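*Asks:* There's a structure below that I have some questions on.
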Amino acid sequence: MDKNNRYPDELAERLADGRPTGIANAGISGNRLLHDSPGFGDSGLSRFGRDVLGEPDVRTVIVLEGINDIGFGEGGLGELVSAQDLIGGYRALIAAAAHPRGIRVIGATLTPTEGCPYPGYDTPHGATVRAAVNQWIRTSGAFDAVVDFDHALADPADPNRMRPAYDSGDHLHPSDAGYHAMADAIDVRAL
């Protein structure tokens, strides 16, 4: 905490080559794509206009939202969501908001959660939803580009679990090394 080692910070370091480049991190811990959350802010859909489209000179946005929709719903803390619900949310961001304004949208796959002790994040149904969403992100062609954070963080011995070196300890949030791996997974040419 408070070390500026999240993946957007690590990406900014990768891009720092003497030319002016800005990276805005509009991520909110616990945020969801589809539904507002008391204590965790307006949904990604609700705040996209303000936090992305309302910023000057935005050219590309990386969308990493959905794991909390699944976890909150599965854990009884929010609305249950299906893969189709999340896909509809992504399509809304792409088609209705970003593309008409010329903003490229990079879809980020949802990271592994097996072993997470928080209610709802490690359920068979949630794993099925996450897998279906990730398959759609990878193969639909709906996004301008894809960054496979799931693959970047997954343990090769158990792809539904985060690689131990990249796990902060709760099997949900990456460690500093995990955030570095996420930044490295981004093809800067896609930006």
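Chain lettering (A, B, ...) mirrors the order of the structure tokens, residue numbering begins at 1 for each chain separately, and ligand numbering begins at 1 in order of display.
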As a VMD selection string, please: the residues near region 116-122 of chain A (cut-off 12 Å, only C-alpha atoms, same-chain neighbours under 5 positions excluded).

*Replies:* chain A and resid 30 66 to 81 110 to 111 127 to 130 160 to 162 167 to 174

*Asks:* Can I get the selection written as an mmCIF file, in the first residue's frame, with C-alpha atoms?

*Replies:*
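Written out: part-v9.cif:
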```
data_model
loop_
_atom_site.group_PDB
_atom_site.id
_atom_site.type_symbol
_atom_site.label_atom_id
_atom_site.label_comp_id
_atom_site.auth_asym_id
_atom_site.auth_seq_id
_atom_site.Cartn_x
_atom_site.Cartn_y
_atom_site.Cartn_z
ATOM 1 C CA GLY A 30 -13.995 -3.415 -4.875
ATOM 2 C CA GLY A 66 -15.955 -7.884 -13.535
ATOM 3 C CA ILE A 67 -14.303 -10.028 -10.890
ATOM 4 C CA ASN A 68 -16.077 -8.127 -8.103
ATOM 5 C CA ASP A 69 -19.404 -8.465 -9.928
ATOM 6 C CA ILE A 70 -18.896 -12.223 -9.809
ATOM 7 C CA GLY A 71 -17.538 -12.358 -6.248
ATOM 8 C CA PHE A 72 -20.130 -10.043 -4.687
ATOM 9 C CA GLY A 73 -22.988 -11.881 -6.388
ATOM 10 C CA GLU A 74 -21.713 -15.354 -5.547
ATOM 11 C CA GLY A 75 -21.058 -14.264 -1.954
ATOM 12 C CA GLY A 76 -24.552 -12.854 -1.455
ATOM 13 C CA LEU A 77 -23.320 -9.265 -1.228
ATOM 14 C CA GLY A 78 -24.790 -8.126 -4.515
ATOM 15 C CA GLU A 79 -26.654 -9.156 -7.605
ATOM 16 C CA LEU A 80 -25.820 -12.491 -9.228
ATOM 17 C CA VAL A 81 -24.355 -11.960 -12.684
ATOM 18 C CA LEU A 110 -10.222 -11.543 -15.243
ATOM 19 C CA THR A 111 -7.510 -12.920 -12.990
ATOM 20 C CA ALA A 127 -15.214 -19.964 -11.963
ATOM 21 C CA THR A 128 -17.489 -20.944 -14.854
ATOM 22 C CA VAL A 129 -18.627 -17.336 -15.330
ATOM 23 C CA ARG A 130 -15.028 -16.056 -15.167
ATOM 24 C CA ASN A 160 -7.419 -21.224 -11.781
ATOM 25 C CA ARG A 161 -5.023 -20.188 -9.010
ATOM 26 C CA MET A 162 -2.637 -17.234 -8.976
ATOM 27 C CA ASP A 167 -0.100 -13.552 -5.033
ATOM 28 C CA SER A 168 -0.341 -10.956 -2.258
ATOM 29 C CA GLY A 169 -1.544 -13.732 0.027
ATOM 30 C CA ASP A 170 -5.320 -13.557 -0.396
ATOM 31 C CA HIS A 171 -5.396 -15.352 -3.787
ATOM 32 C CA LEU A 172 -7.248 -12.377 -5.283
ATOM 33 C CA HIS A 173 -4.969 -9.347 -5.259
ATOM 34 C CA PRO A 174 -1.553 -9.477 -6.936
#
```

*Asks:* Would you please extract all strand (DSSP E) residues from region 114-177 of chain A, as assigned by DSSP on the backbone, and give them as an MDAnalysis selection string?

*Replies:* chainID A and resid 145:147 154:155 158:162

*Asks:* Restrict the selected residues to C-alpha atoms and save them as a PDB file, in the first residue's frame.

*Replies:*
```pdb
ATOM      1  CA  ALA A 145      -6.829  -5.343 -28.300  1.00  0.00           C
ATOM      2  CA  VAL A 146      -6.664  -7.776 -25.402  1.00  0.00           C
ATOM      3  CA  VAL A 147      -4.294  -8.078 -22.466  1.00  0.00           C
ATOM      4  CA  ALA A 154      -1.982 -17.924 -13.463  1.00  0.00           C
ATOM      5  CA  ASP A 155      -0.025 -20.724 -11.854  1.00  0.00           C
ATOM      6  CA  ASP A 158      -3.205 -24.799 -11.593  1.00  0.00           C
ATOM      7  CA  PRO A 159      -4.462 -22.135 -14.032  1.00  0.00           C
ATOM      8  CA  ASN A 160      -7.419 -21.224 -11.781  1.00  0.00           C
ATOM      9  CA  ARG A 161      -5.023 -20.188  -9.010  1.00  0.00           C
ATOM     10  CA  MET A 162      -2.637 -17.234  -8.976  1.00  0.00           C
TER      11      MET A 162
END
```

*Asks:* Excluding Val105 (chain A) and any residue of its chain fewer than 4 positions from it, enumerate the residues within 12 Å of it, using only C-alpha atoms, and give them as a PDB file with all heavy atoms, in the first residue's frame.

*Replies:*
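Result file is part.pdb:
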```pdb
ATOM      1  N   VAL A  52     -13.480   8.454 -17.732  1.00  0.00           N
ATOM      2  CA  VAL A  52     -12.733   8.195 -18.969  1.00  0.00           C
ATOM      3  C   VAL A  52     -13.067   9.250 -20.017  1.00  0.00           C
ATOM      4  O   VAL A  52     -12.205  10.016 -20.439  1.00  0.00           O
ATOM      5  CB  VAL A  52     -13.010   6.777 -19.521  1.00  0.00           C
ATOM      6  CG1 VAL A  52     -12.296   6.561 -20.845  1.00  0.00           C
ATOM      7  CG2 VAL A  52     -12.581   5.720 -18.508  1.00  0.00           C
ATOM      8  N   LEU A  53     -14.317   9.297 -20.409  1.00  0.00           N
ATOM      9  CA  LEU A  53     -14.702  10.207 -21.491  1.00  0.00           C
ATOM     10  C   LEU A  53     -14.593  11.668 -21.086  1.00  0.00           C
ATOM     11  O   LEU A  53     -14.391  12.534 -21.935  1.00  0.00           O
ATOM     12  CB  LEU A  53     -16.124   9.893 -21.952  1.00  0.00           C
ATOM     13  CG  LEU A  53     -16.366   8.452 -22.397  1.00  0.00           C
ATOM     14  CD1 LEU A  53     -17.818   8.250 -22.755  1.00  0.00           C
ATOM     15  CD2 LEU A  53     -15.446   8.060 -23.526  1.00  0.00           C
ATOM     16  N   VAL A  58      -7.867  11.431 -23.955  1.00  0.00           N
ATOM     17  CA  VAL A  58      -7.805   9.982 -23.750  1.00  0.00           C
ATOM     18  C   VAL A  58      -7.807   9.309 -25.113  1.00  0.00           C
ATOM     19  O   VAL A  58      -8.635   9.603 -25.963  1.00  0.00           O
ATOM     20  CB  VAL A  58      -9.001   9.483 -22.911  1.00  0.00           C
ATOM     21  CG1 VAL A  58      -9.019   7.963 -22.842  1.00  0.00           C
ATOM     22  CG2 VAL A  58      -8.958  10.079 -21.518  1.00  0.00           C
ATOM     23  N   ARG A  59      -6.848   8.425 -25.305  1.00  0.00           N
ATOM     24  CA  ARG A  59      -6.756   7.683 -26.570  1.00  0.00           C
ATOM     25  C   ARG A  59      -7.069   6.211 -26.413  1.00  0.00           C
ATOM     26  O   ARG A  59      -7.539   5.569 -27.330  1.00  0.00           O
ATOM     27  CB  ARG A  59      -5.372   7.862 -27.181  1.00  0.00           C
ATOM     28  CG  ARG A  59      -5.095   9.289 -27.614  1.00  0.00           C
ATOM     29  CD  ARG A  59      -3.781   9.401 -28.292  1.00  0.00           C
ATOM     30  NE  ARG A  59      -2.722   8.905 -27.410  1.00  0.00           N
ATOM     31  CZ  ARG A  59      -1.471   9.253 -27.475  1.00  0.00           C
ATOM     32  NH1 ARG A  59      -1.070  10.079 -28.410  1.00  0.00           N
ATOM     33  NH2 ARG A  59      -0.575   8.778 -26.649  1.00  0.00           N
ATOM     34  N   THR A  60      -6.760   5.670 -25.235  1.00  0.00           N
ATOM     35  CA  THR A  60      -6.937   4.237 -25.005  1.00  0.00           C
ATOM     36  C   THR A  60      -7.364   4.024 -23.558  1.00  0.00           C
ATOM     37  O   THR A  60      -6.892   4.719 -22.665  1.00  0.00           O
ATOM     38  CB  THR A  60      -5.608   3.478 -25.243  1.00  0.00           C
ATOM     39  OG1 THR A  60      -5.137   3.780 -26.558  1.00  0.00           O
ATOM     40  CG2 THR A  60      -5.786   1.982 -25.102  1.00  0.00           C
ATOM     41  N   VAL A  61      -8.233   3.040 -23.354  1.00  0.00           N
ATOM     42  CA  VAL A  61      -8.633   2.656 -22.003  1.00  0.00           C
ATOM     43  C   VAL A  61      -8.484   1.139 -21.882  1.00  0.00           C
ATOM     44  O   VAL A  61      -8.799   0.398 -22.808  1.00  0.00           O
ATOM     45  CB  VAL A  61     -10.078   3.106 -21.674  1.00  0.00           C
ATOM     46  CG1 VAL A  61     -11.084   2.473 -22.614  1.00  0.00           C
ATOM     47  CG2 VAL A  61     -10.435   2.806 -20.237  1.00  0.00           C
ATOM     48  N   ILE A  62      -7.942   0.706 -20.751  1.00  0.00           N
ATOM     49  CA  ILE A  62      -7.879  -0.716 -20.423  1.00  0.00           C
ATOM     50  C   ILE A  62      -9.026  -0.991 -19.460  1.00  0.00           C
ATOM     51  O   ILE A  62      -9.119  -0.357 -18.410  1.00  0.00           O
ATOM     52  CB  ILE A  62      -6.530  -1.103 -19.789  1.00  0.00           C
ATOM     53  CG1 ILE A  62      -5.387  -0.824 -20.755  1.00  0.00           C
ATOM     54  CG2 ILE A  62      -6.547  -2.571 -19.363  1.00  0.00           C
ATOM     55  CD1 ILE A  62      -4.006  -0.999 -20.146  1.00  0.00           C
ATOM     56  N   VAL A  63      -9.896  -1.921 -19.825  1.00  0.00           N
ATOM     57  CA  VAL A  63     -11.052  -2.253 -18.994  1.00  0.00           C
ATOM     58  C   VAL A  63     -10.750  -3.544 -18.239  1.00  0.00           C
ATOM     59  O   VAL A  63     -10.668  -4.615 -18.833  1.00  0.00           O
ATOM     60  CB  VAL A  63     -12.331  -2.409 -19.844  1.00  0.00           C
ATOM     61  CG1 VAL A  63     -13.505  -2.847 -18.971  1.00  0.00           C
ATOM     62  CG2 VAL A  63     -12.651  -1.106 -20.562  1.00  0.00           C
ATOM     63  N   LEU A  64     -10.564  -3.409 -16.934  1.00  0.00           N
ATOM     64  CA  LEU A  64     -10.372  -4.551 -16.045  1.00  0.00           C
ATOM     65  C   LEU A  64     -11.447  -4.444 -14.968  1.00  0.00           C
ATOM     66  O   LEU A  64     -11.239  -3.860 -13.906  1.00  0.00           O
ATOM     67  CB  LEU A  64      -8.972  -4.555 -15.422  1.00  0.00           C
ATOM     68  CG  LEU A  64      -8.692  -5.646 -14.383  1.00  0.00           C
ATOM     69  CD1 LEU A  64      -8.914  -7.035 -14.961  1.00  0.00           C
ATOM     70  CD2 LEU A  64      -7.286  -5.509 -13.821  1.00  0.00           C
ATOM     71  N   TYR A  90     -19.608  -4.853 -21.084  1.00  0.00           N
ATOM     72  CA  TYR A  90     -18.432  -4.520 -21.893  1.00  0.00           C
ATOM     73  C   TYR A  90     -18.853  -3.941 -23.247  1.00  0.00           C
ATOM     74  O   TYR A  90     -18.288  -2.951 -23.709  1.00  0.00           O
ATOM     75  CB  TYR A  90     -17.560  -5.755 -22.140  1.00  0.00           C
ATOM     76  CG  TYR A  90     -16.987  -6.405 -20.911  1.00  0.00           C
ATOM     77  CD1 TYR A  90     -17.064  -7.779 -20.731  1.00  0.00           C
ATOM     78  CD2 TYR A  90     -16.365  -5.656 -19.923  1.00  0.00           C
ATOM     79  CE1 TYR A  90     -16.539  -8.397 -19.611  1.00  0.00           C
ATOM     80  CE2 TYR A  90     -15.838  -6.266 -18.792  1.00  0.00           C
ATOM     81  CZ  TYR A  90     -15.925  -7.629 -18.647  1.00  0.00           C
ATOM     82  OH  TYR A  90     -15.405  -8.237 -17.536  1.00  0.00           O
ATOM     83  N   ARG A  91     -19.837  -4.571 -23.861  1.00  0.00           N
ATOM     84  CA  ARG A  91     -20.319  -4.072 -25.161  1.00  0.00           C
ATOM     85  C   ARG A  91     -20.839  -2.638 -25.039  1.00  0.00           C
ATOM     86  O   ARG A  91     -20.641  -1.828 -25.944  1.00  0.00           O
ATOM     87  CB  ARG A  91     -21.399  -4.991 -25.723  1.00  0.00           C
ATOM     88  CG  ARG A  91     -20.866  -6.299 -26.246  1.00  0.00           C
ATOM     89  CD  ARG A  91     -21.969  -7.064 -26.991  1.00  0.00           C
ATOM     90  NE  ARG A  91     -21.554  -8.367 -27.418  1.00  0.00           N
ATOM     91  CZ  ARG A  91     -20.825  -8.621 -28.495  1.00  0.00           C
ATOM     92  NH1 ARG A  91     -20.416  -7.647 -29.251  1.00  0.00           N
ATOM     93  NH2 ARG A  91     -20.508  -9.869 -28.808  1.00  0.00           N
ATOM     94  N   ALA A  92     -21.503  -2.336 -23.936  1.00  0.00           N
ATOM     95  CA  ALA A  92     -22.012  -0.978 -23.731  1.00  0.00           C
ATOM     96  C   ALA A  92     -20.866   0.026 -23.654  1.00  0.00           C
ATOM     97  O   ALA A  92     -20.950   1.114 -24.243  1.00  0.00           O
ATOM     98  CB  ALA A  92     -22.863  -0.916 -22.460  1.00  0.00           C
ATOM     99  N   LEU A  93     -19.803  -0.319 -22.950  1.00  0.00           N
ATOM    100  CA  LEU A  93     -18.653   0.594 -22.872  1.00  0.00           C
ATOM    101  C   LEU A  93     -18.007   0.789 -24.234  1.00  0.00           C
ATOM    102  O   LEU A  93     -17.639   1.901 -24.606  1.00  0.00           O
ATOM    103  CB  LEU A  93     -17.602   0.054 -21.894  1.00  0.00           C
ATOM    104  CG  LEU A  93     -17.951   0.022 -20.420  1.00  0.00           C
ATOM    105  CD1 LEU A  93     -16.768  -0.518 -19.621  1.00  0.00           C
ATOM    106  CD2 LEU A  93     -18.362   1.376 -19.908  1.00  0.00           C
ATOM    107  N   ILE A  94     -17.866  -0.292 -24.962  1.00  0.00           N
ATOM    108  CA  ILE A  94     -17.193  -0.235 -26.260  1.00  0.00           C
ATOM    109  C   ILE A  94     -18.021   0.533 -27.282  1.00  0.00           C
ATOM    110  O   ILE A  94     -17.559   1.513 -27.874  1.00  0.00           O
ATOM    111  CB  ILE A  94     -16.912  -1.661 -26.787  1.00  0.00           C
ATOM    112  CG1 ILE A  94     -15.928  -2.393 -25.886  1.00  0.00           C
ATOM    113  CG2 ILE A  94     -16.388  -1.610 -28.219  1.00  0.00           C
ATOM    114  CD1 ILE A  94     -15.888  -3.900 -26.115  1.00  0.00           C
ATOM    115  N   ALA A  95     -19.237   0.100 -27.486  1.00  0.00           N
ATOM    116  CA  ALA A  95     -20.051   0.626 -28.588  1.00  0.00           C
ATOM    117  C   ALA A  95     -20.683   1.972 -28.287  1.00  0.00           C
ATOM    118  O   ALA A  95     -20.650   2.873 -29.122  1.00  0.00           O
ATOM    119  CB  ALA A  95     -21.137  -0.380 -28.949  1.00  0.00           C
ATOM    120  N   ALA A  96     -21.250   2.110 -27.122  1.00  0.00           N
ATOM    121  CA  ALA A  96     -22.014   3.320 -26.832  1.00  0.00           C
ATOM    122  C   ALA A  96     -21.151   4.452 -26.306  1.00  0.00           C
ATOM    123  O   ALA A  96     -21.521   5.611 -26.444  1.00  0.00           O
ATOM    124  CB  ALA A  96     -23.120   3.004 -25.828  1.00  0.00           C
ATOM    125  N   ALA A  97     -20.035   4.136 -25.698  1.00  0.00           N
ATOM    126  CA  ALA A  97     -19.274   5.190 -25.037  1.00  0.00           C
ATOM    127  C   ALA A  97     -17.936   5.493 -25.692  1.00  0.00           C
ATOM    128  O   ALA A  97     -17.683   6.619 -26.080  1.00  0.00           O
ATOM    129  CB  ALA A  97     -19.063   4.824 -23.569  1.00  0.00           C
ATOM    130  N   ALA A  98     -17.100   4.516 -25.824  1.00  0.00           N
ATOM    131  CA  ALA A  98     -15.728   4.788 -26.236  1.00  0.00           C
ATOM    132  C   ALA A  98     -15.552   4.937 -27.743  1.00  0.00           C
ATOM    133  O   ALA A  98     -14.984   5.913 -28.209  1.00  0.00           O
ATOM    134  CB  ALA A  98     -14.797   3.703 -25.707  1.00  0.00           C
ATOM    135  N   HIS A  99     -15.993   3.989 -28.522  1.00  0.00           N
ATOM    136  CA  HIS A  99     -15.724   4.011 -29.959  1.00  0.00           C
ATOM    137  C   HIS A  99     -16.279   5.228 -30.679  1.00  0.00           C
ATOM    138  O   HIS A  99     -15.591   5.770 -31.550  1.00  0.00           O
ATOM    139  CB  HIS A  99     -16.177   2.709 -30.610  1.00  0.00           C
ATOM    140  CG  HIS A  99     -15.171   1.616 -30.460  1.00  0.00           C
ATOM    141  ND1 HIS A  99     -15.405   0.329 -30.847  1.00  0.00           N
ATOM    142  CD2 HIS A  99     -13.904   1.626 -29.969  1.00  0.00           C
ATOM    143  CE1 HIS A  99     -14.347  -0.411 -30.601  1.00  0.00           C
ATOM    144  NE2 HIS A  99     -13.426   0.351 -30.055  1.00  0.00           N
ATOM    145  N   PRO A 100     -17.472   5.715 -30.343  1.00  0.00           N
ATOM    146  CA  PRO A 100     -17.936   6.922 -31.031  1.00  0.00           C
ATOM    147  C   PRO A 100     -17.026   8.136 -30.805  1.00  0.00           C
ATOM    148  O   PRO A 100     -17.046   9.082 -31.576  1.00  0.00           O
ATOM    149  CB  PRO A 100     -19.325   7.172 -30.443  1.00  0.00           C
ATOM    150  CG  PRO A 100     -19.785   5.829 -29.984  1.00  0.00           C
ATOM    151  CD  PRO A 100     -18.527   5.128 -29.526  1.00  0.00           C
ATOM    152  N   ARG A 101     -16.205   8.089 -29.777  1.00  0.00           N
ATOM    153  CA  ARG A 101     -15.291   9.194 -29.471  1.00  0.00           C
ATOM    154  C   ARG A 101     -13.855   8.899 -29.900  1.00  0.00           C
ATOM    155  O   ARG A 101     -12.942   9.623 -29.555  1.00  0.00           O
ATOM    156  CB  ARG A 101     -15.350   9.494 -27.984  1.00  0.00           C
ATOM    157  CG  ARG A 101     -16.695  10.098 -27.587  1.00  0.00           C
ATOM    158  CD  ARG A 101     -16.830  10.128 -26.086  1.00  0.00           C
ATOM    159  NE  ARG A 101     -18.029  10.814 -25.669  1.00  0.00           N
ATOM    160  CZ  ARG A 101     -19.238  10.264 -25.598  1.00  0.00           C
ATOM    161  NH1 ARG A 101     -19.400   9.014 -25.949  1.00  0.00           N
ATOM    162  NH2 ARG A 101     -20.279  10.951 -25.181  1.00  0.00           N
ATOM    163  N   ILE A 137     -13.625 -12.383 -24.012  1.00  0.00           N
ATOM    164  CA  ILE A 137     -12.670 -11.279 -24.149  1.00  0.00           C
ATOM    165  C   ILE A 137     -11.573 -11.659 -25.137  1.00  0.00           C
ATOM    166  O   ILE A 137     -11.211 -10.872 -26.012  1.00  0.00           O
ATOM    167  CB  ILE A 137     -12.074 -10.886 -22.778  1.00  0.00           C
ATOM    168  CG1 ILE A 137     -13.152 -10.208 -21.907  1.00  0.00           C
ATOM    169  CG2 ILE A 137     -10.859  -9.974 -22.941  1.00  0.00           C
ATOM    170  CD1 ILE A 137     -12.739  -9.988 -20.461  1.00  0.00           C
ATOM    171  N   GLY A 141     -13.300 -10.463 -30.581  1.00  0.00           N
ATOM    172  CA  GLY A 141     -12.928  -9.391 -31.498  1.00  0.00           C
ATOM    173  C   GLY A 141     -13.631  -8.081 -31.182  1.00  0.00           C
ATOM    174  O   GLY A 141     -13.499  -7.110 -31.931  1.00  0.00           O
ATOM    175  N   ALA A 142     -14.364  -8.031 -30.081  1.00  0.00           N
ATOM    176  CA  ALA A 142     -15.100  -6.817 -29.716  1.00  0.00           C
ATOM    177  C   ALA A 142     -14.167  -5.694 -29.266  1.00  0.00           C
ATOM    178  O   ALA A 142     -14.471  -4.521 -29.474  1.00  0.00           O
ATOM    179  CB  ALA A 142     -16.115  -7.126 -28.618  1.00  0.00           C
ATOM    180  N   PHE A 143     -13.051  -6.049 -28.659  1.00  0.00           N
ATOM    181  CA  PHE A 143     -12.087  -5.064 -28.182  1.00  0.00           C
ATOM    182  C   PHE A 143     -11.072  -4.754 -29.283  1.00  0.00           C
ATOM    183  O   PHE A 143     -10.833  -5.560 -30.164  1.00  0.00           O
ATOM    184  CB  PHE A 143     -11.354  -5.587 -26.937  1.00  0.00           C
ATOM    185  CG  PHE A 143     -12.234  -5.719 -25.729  1.00  0.00           C
ATOM    186  CD1 PHE A 143     -12.750  -6.948 -25.366  1.00  0.00           C
ATOM    187  CD2 PHE A 143     -12.541  -4.616 -24.949  1.00  0.00           C
ATOM    188  CE1 PHE A 143     -13.563  -7.087 -24.250  1.00  0.00           C
ATOM    189  CE2 PHE A 143     -13.343  -4.732 -23.824  1.00  0.00           C
ATOM    190  CZ  PHE A 143     -13.858  -5.975 -23.484  1.00  0.00           C
ATOM    191  N   ASP A 144     -10.451  -3.598 -29.191  1.00  0.00           N
ATOM    192  CA  ASP A 144      -9.403  -3.230 -30.143  1.00  0.00           C
ATOM    193  C   ASP A 144      -8.144  -4.057 -29.911  1.00  0.00           C
ATOM    194  O   ASP A 144      -7.361  -4.276 -30.835  1.00  0.00           O
ATOM    195  CB  ASP A 144      -9.080  -1.744 -30.016  1.00  0.00           C
ATOM    196  CG  ASP A 144     -10.269  -0.892 -30.383  1.00  0.00           C
ATOM    197  OD1 ASP A 144     -10.708  -0.957 -31.542  1.00  0.00           O
ATOM    198  OD2 ASP A 144     -10.776  -0.167 -29.503  1.00  0.00           O
ATOM    199  N   ALA A 145      -7.954  -4.491 -28.677  1.00  0.00           N
ATOM    200  CA  ALA A 145      -6.829  -5.343 -28.300  1.00  0.00           C
ATOM    201  C   ALA A 145      -7.206  -6.024 -26.992  1.00  0.00           C
ATOM    202  O   ALA A 145      -8.177  -5.636 -26.333  1.00  0.00           O
ATOM    203  CB  ALA A 145      -5.547  -4.525 -28.142  1.00  0.00           C
ATOM    204  N   VAL A 146      -6.423  -7.025 -26.628  1.00  0.00           N
ATOM    205  CA  VAL A 146      -6.664  -7.776 -25.402  1.00  0.00           C
ATOM    206  C   VAL A 146      -5.356  -7.881 -24.640  1.00  0.00           C
ATOM    207  O   VAL A 146      -4.292  -8.091 -25.235  1.00  0.00           O
ATOM    208  CB  VAL A 146      -7.201  -9.194 -25.720  1.00  0.00           C
ATOM    209  CG1 VAL A 146      -7.244 -10.066 -24.481  1.00  0.00           C
ATOM    210  CG2 VAL A 146      -8.570  -9.107 -26.369  1.00  0.00           C
ATOM    211  N   VAL A 147      -5.426  -7.759 -23.328  1.00  0.00           N
ATOM    212  CA  VAL A 147      -4.294  -8.078 -22.466  1.00  0.00           C
ATOM    213  C   VAL A 147      -4.753  -9.226 -21.572  1.00  0.00           C
ATOM    214  O   VAL A 147      -5.800  -9.151 -20.921  1.00  0.00           O
ATOM    215  CB  VAL A 147      -3.783  -6.867 -21.647  1.00  0.00           C
ATOM    216  CG1 VAL A 147      -4.860  -6.262 -20.775  1.00  0.00           C
ATOM    217  CG2 VAL A 147      -2.567  -7.252 -20.819  1.00  0.00           C
ATOM    218  N   ALA A 190      -0.265  -1.560 -28.555  1.00  0.00           N
ATOM    219  CA  ALA A 190      -1.740  -1.520 -28.563  1.00  0.00           C
ATOM    220  C   ALA A 190      -2.271  -0.235 -27.954  1.00  0.00           C
ATOM    221  O   ALA A 190      -3.420   0.120 -28.154  1.00  0.00           O
ATOM    222  CB  ALA A 190      -2.299  -2.715 -27.815  1.00  0.00           C
ATOM    223  N   LEU A 191      -1.415   0.461 -27.228  1.00  0.00           N
ATOM    224  CA  LEU A 191      -1.854   1.694 -26.572  1.00  0.00           C
ATOM    225  C   LEU A 191      -1.937   2.835 -27.584  1.00  0.00           C
ATOM    226  O   LEU A 191      -2.581   3.811 -27.392  1.00  0.00           O
ATOM    227  CB  LEU A 191      -0.910   2.077 -25.437  1.00  0.00           C
ATOM    228  CG  LEU A 191      -0.774   1.037 -24.327  1.00  0.00           C
ATOM    229  CD1 LEU A 191       0.278   1.454 -23.330  1.00  0.00           C
ATOM    230  CD2 LEU A 191      -2.117   0.831 -23.612  1.00  0.00           C
TER     231      LEU A 191
END
```

*Asks:* Could you list, as a VMD selection string, every residue within 10 Å of Asp184 (chain A), counting only C-alpha atoms and ignoring same-chain residues fewer than 4 positions away?

*Replies:* chain A and resid 7 10 to 11 14 147 149 152 178 to 180 188

*Asks:* Within 10 Å of Glu65 (chain A), counting only C-alpha atoms, which residues show up once you throw out same-chain ones fewer than 4 positions away? Write them as a list in words, please.

*Replies:*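 The residues satisfying every condition are Gly27, Ile28, Gly30, Asn31, Arg32, Leu33, Leu34, Ser43, Gly44, Leu45, Asp69, Leu86, Gly89, Tyr90, Gly107, Ala108, Thr109 and Leu110 of chain A.
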